[in-house]
Amino acid sequence: MFKIAKYIILDIIRSKVLIAYTLLLATICTVIFLSDSDVIKGLVSITTIVMIIVPLVSIIYATTYYFNAAEFTELLVSQPIKRRDILLGEYLGISSSILGAFVLGVCLPVALFALSATGITLMVAGGLVTLSFTSLAFWASTKTRDKSKGIGLALMIWFYAAIVYDALVLLFLFTFSDYPLEKAMIVLTALNPVDLARIMILLELDISALMGYTGALYRQFFGSGTGIAFSVSMLFIWSVLPVLLALKIFSKKDL
Amino acid sequence: MDTLIELSHIKKAFGKLQVLKDISCHFESGNIVSVLGPNASGKTTMIKSILGMVIPDEGDIRFRGARVNKTFDYKKYIGYMPQIGRYPDNMKIGQLFDMMLDIRNCNKIPDTDLIEAYRLKSMYHKPMRTLSGGTRQKVSAALAFMFNPDVLILDEPTAGLDPFATEILKQKILAEKANNRLVIITSHILSESEELADTVMYLYEGKIKFYEPLAALQMETGEQRLGKILTRLLTEEHV
């Protein structure tokens with residue numbers, strides 16, 4: 001399993017796509033920090049950008065890599081290696097590479113310019129979002145048979161999490177505005193990793209009111225500490241559960 | 001001659017399409033089996049079921065008598081050469097070989113005959129993506145033979161190879177047979193199967209039409225050439 005991960009990481013480093021992604025993130029962060037003297041504002045801007053780019057790149061890159069490596073996976077399956085170890089090895093290799101890019105591209109500039117509790121929260125949230133979306137990419141890839149469908153499903157997941165979800169929540173609030181919705185809202189938030197990460201950072205920033213309804217509610221319901229713990233554990237589930245489902249599908253998949 | 005691989009009542013459907021319909025057979029060591037059949041007759045699916053790449057809906061696969069469905073350990077006795085070998089693009093040939101050695105954890109001395117015969121050493125620094133189809137085939141072949149496996153499964157091994165490379169591969173196959181190994185080959189080139197095979201299996205629409213020693217088939221039909229034998233046997237069936 002670790003050997004497979006090692007070879008995948010070596011392969012990804014040679015391919016330069018992730019290096020471009022790292023540079024993109026690093027440039028965005030550095031430019032934002034340099035152009036604005038208010039570090040907190042900078043962090044908020046970075047959060048907004050990161051919560052769109054990071055999930056998109058993680059899910060699309062992982063899905064594309066999975067399908068491009070399909071023949072390699074086939075070769076591995078014909079070798080005396082457990083299927084479980086093959087898929088976990090691939091997940092480990094791909095996710096740690098993308099995570100590495102995030103660490104170098106975002107965590108490093110944040111640590112240099114704005115090392116604070118908020119900065120660290122941003123690092124943790126971004127890292128967990130990376131893992132969640134790589135994990136979702138594996139679910140989407142094993143679920144579908146060909147590359148175009150796989151990438152289509154991956155894009156739909158991203159589209160849902162980054163864009164459609166907010167509209168759905170609004171619609172939900174509007175439709176059921178006569179009922180007490182606090183608990184329902186908490187459950188709804190847990191259904192979207194991007195939202196969880198965003199709330200986590202905004203709670204830490206103590207400007208949750210900016211987030212509107214969900215943020216204010218979170219603050220009232222949990223207080224910062226528990227709210228963050230809840231978000232972290234939900235994001236953790238998002239990083240593990242899809243891969244477990246993928247393992248289950250992969251163990252029965254015809255190659 | 002021991003029975004190495006045994007298939008019993010293997011069935012496999014892709015959606016509504018029944019690809020393998022109740023396949024039962026065994027394969028013995030020291031034997032070269034040529035699996036023939038038209039396109040979509042289930043040849044590759046059968047091979048992939050043996051390798052655990054396709055999971056049969058029903059039936060048992062046994063290796064040396066033990067049921068091996070969904071296990072993986074028996075694969076260390078198998079060398080497989082796929083129809084189209086594709087490898088990580090950025091990896092160099094030398095790195096690929098090193099990786100396979102590392103992953104398989106092989107403690108036997110690797111068999112480098114084909115690497116030498118194909119002069120792959122001089123290309124060790126070339127990345128896989130720059131290789132021609134033929135060179136990839138050579139790499140696949142070298143990988144399949146590398147770990148001294150008891151069973152060799154070659155899916156259309158000579159497609160894309162030049163005549164010299166094909167000849168080298170044939171000699172290697174015959175040498176492995178002499179080492180009491182089992183070689184299973186699928187091919188569309190009849191002259192080739194005729195030259196190599198001891199036993200011929202003919203698949204048609206997911207069923208075994210016949211599975212007999214070549215010599216017996218020649219006796220039965222009174223023909224020498226495999227092409228004619230096939231025409232004889234198959235037209236008789238249809239009349």
# chains A, B, ... in the order shown; residues from 1 in each chain; ligands from 1

call {"tool": "select_by_dssp", "arguments": {"residues": "range 6-202 of chain A", "states": "alpha helix (DSSP H)", "output": "NGL selection string"}}
result
:A and (6-15 or 17-35 or 39-68 or 70-77 or 83-102 or 108-113 or 117-143 or 147-159 or 165-175 or 182-190 or 193-202)

call {"tool": "closest_atom_pairs", "arguments": {"of": "chain B", "to": "chain A", "cutoff": "10 Å", "atoms": "only C-alpha atoms", "output": "CSV"}}
result
residue,atom,partner,partner_atom,distance
B:Phe14,CA,A:Asp254,CA,9.2
B:Thr45,CA,A:Asp254,CA,9.6
B:Lys48,CA,A:Leu255,CA,8.2
B:Ser49,CA,A:Asp254,CA,9.1
B:Ile50,CA,A:Ser78,CA,9.5
B:Leu51,CA,A:Ser78,CA,5.8
B:Gly52,CA,A:Ser78,CA,7.1
B:Met53,CA,A:Leu255,CA,5.4
B:Val54,CA,A:Asp254,CA,4.3
B:Ile55,CA,A:Asp254,CA,6.0
B:Pro56,CA,A:Asp254,CA,8.9
B:Lys70,CA,A:Ser251,CA,8.5
B:Thr71,CA,A:Lys82,CA,7.5
B:Phe72,CA,A:Pro80,CA,5.1
B:Asp73,CA,A:Pro80,CA,5.3
B:Tyr74,CA,A:Pro80,CA,6.9
B:Lys75,CA,A:Pro80,CA,4.7
B:Lys76,CA,A:Pro80,CA,5.2
B:Tyr77,CA,A:Pro80,CA,8.6
B:Ile78,CA,A:Gln79,CA,8.0
B:Gly79,CA,A:Gln79,CA,8.2
B:Tyr80,CA,A:Ser78,CA,6.9
B:Met81,CA,A:Leu75,CA,9.0
B:Pro82,CA,A:Leu75,CA,8.1
B:Ile84,CA,A:Glu71,CA,8.6
B:Gly85,CA,A:Glu71,CA,7.3
B:Arg86,CA,A:Glu71,CA,5.6
B:Tyr87,CA,A:Phe72,CA,5.4
B:Pro88,CA,A:Phe72,CA,6.5
B:Asp89,CA,A:Asp11,CA,8.0
B:Asn90,CA,A:Asp11,CA,6.0
B:Met91,CA,A:Asp11,CA,6.6
B:Gln95,CA,A:Tyr7,CA,9.6
B:Leu96,CA,A:Tyr7,CA,9.6
B:Met99,CA,A:Tyr7,CA,7.6
B:Met100,CA,A:Gln79,CA,9.0
B:Asp102,CA,A:Lys3,CA,7.9
B:Ile103,CA,A:Lys3,CA,6.7
B:Arg104,CA,A:Pro80,CA,7.0
B:Asn105,CA,A:Pro80,CA,9.8
B:Ser140,CA,A:Leu75,CA,9.8

call {"tool": "residues_around", "arguments": {"residues": "Ile61 in chain B", "least_positions_apart": "5", "cutoff": "8 Å", "atoms": "only C-alpha atoms", "output": "mmCIF file with N, CA and C atoms, in the first residue's frame"}}
result
data_model
loop_
_atom_site.group_PDB
_atom_site.id
_atom_site.type_symbol
_atom_site.label_atom_id
_atom_site.label_comp_id
_atom_site.auth_asym_id
_atom_site.auth_seq_id
_atom_site.Cartn_x
_atom_site.Cartn_y
_atom_site.Cartn_z
ATOM 1 N N ILE B 5 -4.595 -24.810 -13.035
ATOM 2 C CA ILE B 5 -5.764 -23.948 -12.927
ATOM 3 C C ILE B 5 -6.999 -24.743 -13.301
ATOM 4 N N GLU B 6 -8.034 -24.562 -12.529
ATOM 5 C CA GLU B 6 -9.269 -25.253 -12.818
ATOM 6 C C GLU B 6 -10.421 -24.258 -12.729
ATOM 7 N N LEU B 7 -11.228 -24.226 -13.777
ATOM 8 C CA LEU B 7 -12.406 -23.372 -13.753
ATOM 9 C C LEU B 7 -13.615 -24.281 -13.668
ATOM 10 N N SER B 8 -14.548 -23.981 -12.768
ATOM 11 C CA SER B 8 -15.762 -24.782 -12.791
ATOM 12 C C SER B 8 -17.004 -23.901 -12.786
ATOM 13 N N ILE B 10 -18.032 -21.338 -14.553
ATOM 14 C CA ILE B 10 -17.872 -19.882 -14.520
ATOM 15 C C ILE B 10 -18.935 -19.229 -15.405
ATOM 16 N N ILE B 50 -9.554 -15.465 -14.537
ATOM 17 C CA ILE B 50 -8.498 -16.242 -13.887
ATOM 18 C C ILE B 50 -7.611 -15.316 -13.060
ATOM 19 N N ARG B 67 -9.467 -23.029 -3.796
ATOM 20 C CA ARG B 67 -10.334 -22.013 -4.377
ATOM 21 C C ARG B 67 -9.700 -20.635 -4.182
ATOM 22 N N VAL B 68 -9.589 -19.880 -5.262
ATOM 23 C CA VAL B 68 -8.880 -18.605 -5.149
ATOM 24 C C VAL B 68 -9.729 -17.399 -5.521
ATOM 25 N N ASN B 69 -11.038 -17.580 -5.694
ATOM 26 C CA ASN B 69 -11.872 -16.416 -6.014
ATOM 27 C C ASN B 69 -11.636 -15.317 -4.983
#

call {"tool": "residues_around", "arguments": {"residues": "Leu247 in chain A", "least_positions_apart": "6", "cutoff": "9 Å", "atoms": "only C-alpha atoms", "output": "list in words"}}
result
Arg83, Arg84, Leu87, Leu88, Phe138, Trp139 and Thr142 of chain A

call {"tool": "write_last_selection", "arguments": {"atoms": "C-alpha atoms", "output": "mmCIF file, in the first residue's frame"}}
result
data_model
loop_
_atom_site.group_PDB
_atom_site.id
_atom_site.type_symbol
_atom_site.label_atom_id
_atom_site.label_comp_id
_atom_site.auth_asym_id
_atom_site.auth_seq_id
_atom_site.Cartn_x
_atom_site.Cartn_y
_atom_site.Cartn_z
ATOM 1 C CA ARG A 83 -7.422 -4.806 -4.141
ATOM 2 C CA ARG A 84 -7.950 -2.867 -0.923
ATOM 3 C CA LEU A 87 -7.053 1.598 -3.966
ATOM 4 C CA LEU A 88 -5.908 2.822 -0.552
ATOM 5 C CA PHE A 138 -12.559 8.259 -5.587
ATOM 6 C CA TRP A 139 -16.197 7.547 -4.970
ATOM 7 C CA THR A 142 -15.231 3.927 -8.910
#

call {"tool": "atom_distance", "arguments": {"atom1": "CA of Phe133 in chain A", "atom2": "CA of Phe172 in chain A"}}
result
24.8 Å

call {"tool": "residues_around", "arguments": {"residues": "Gly93 in chain A", "least_positions_apart": "3", "cutoff": "8 Å", "atoms": "only C-alpha atoms", "output": "PyMOL selection string"}}
result
chain A and resi 4-9+89-90+96-97

call {"tool": "residues_around", "arguments": {"residues": "range 214-218 of chain B", "least_positions_apart": "3", "cutoff": "7 Å", "atoms": "only C-alpha atoms", "output": "PyMOL selection string"}}
result
chain B and resi 198-200+221-224

call {"tool": "atom_distance", "arguments": {"atom1": "CA of Phe230 in chain A", "atom2": "CA of Leu196 in chain A"}}
result
8.9 Å

call {"tool": "atom_distance", "arguments": {"atom1": "CA of Lys126 in chain B", "atom2": "CA of Leu114 in chain B"}}
result
17.5 Å

call {"tool": "closest_residue", "arguments": {"among": "B:Arg225, B:Arg119, B:Lys170, B:His188", "to": "Val139 in chain B", "atoms": "only C-alpha atoms"}}
result
B:Arg119

call {"tool": "closest_residue", "arguments": {"among": "A:Leu128, A:Leu171, A:Ile86, A:Cys29", "to": "Val240 in chain A", "atoms": "only C-alpha atoms"}}
result
A:Leu128

call {"tool": "closest_residue", "arguments": {"among": "A:Ile228, A:Leu56, A:Ile32, A:Ala117", "to": "Met200 in chain A", "atoms": "only C-alpha atoms"}}
result
A:Ile228

call {"tool": "residues_around", "arguments": {"residues": "Gly127 in chain A", "least_positions_apart": "3", "cutoff": "8 Å", "atoms": "only C-alpha atoms", "output": "list in words"}}
result
Leu99, Phe102, Val103, Met123, Val124, Thr130 and Leu131 of chain A

call {"tool": "write_last_selection", "arguments": {"atoms": "N, CA and C atoms", "output": "mmCIF file, in the first residue's frame"}}
result
data_model
loop_
_atom_site.group_PDB
_atom_site.id
_atom_site.type_symbol
_atom_site.label_atom_id
_atom_site.label_comp_id
_atom_site.auth_asym_id
_atom_site.auth_seq_id
_atom_site.Cartn_x
_atom_site.Cartn_y
_atom_site.Cartn_z
ATOM 1 N N LEU A 99 -2.544 17.501 -1.026
ATOM 2 C CA LEU A 99 -2.402 18.139 0.278
ATOM 3 C C LEU A 99 -1.057 18.862 0.366
ATOM 4 N N PHE A 102 -1.296 22.075 -1.314
ATOM 5 C CA PHE A 102 -2.027 23.040 -0.483
ATOM 6 C C PHE A 102 -1.124 23.585 0.633
ATOM 7 N N VAL A 103 -0.356 22.692 1.236
ATOM 8 C CA VAL A 103 0.537 23.121 2.320
ATOM 9 C C VAL A 103 1.532 24.151 1.804
ATOM 10 N N MET A 123 -5.775 26.749 7.628
ATOM 11 C CA MET A 123 -4.942 25.637 7.160
ATOM 12 C C MET A 123 -5.652 24.305 7.365
ATOM 13 N N VAL A 124 -6.175 24.115 8.588
ATOM 14 C CA VAL A 124 -6.825 22.841 8.904
ATOM 15 C C VAL A 124 -8.051 22.646 8.019
ATOM 16 N N THR A 130 -9.526 19.520 1.114
ATOM 17 C CA THR A 130 -8.746 18.793 0.102
ATOM 18 C C THR A 130 -8.979 17.292 0.232
ATOM 19 N N LEU A 131 -8.860 16.788 1.466
ATOM 20 C CA LEU A 131 -9.031 15.349 1.675
ATOM 21 C C LEU A 131 -10.454 14.910 1.328
#
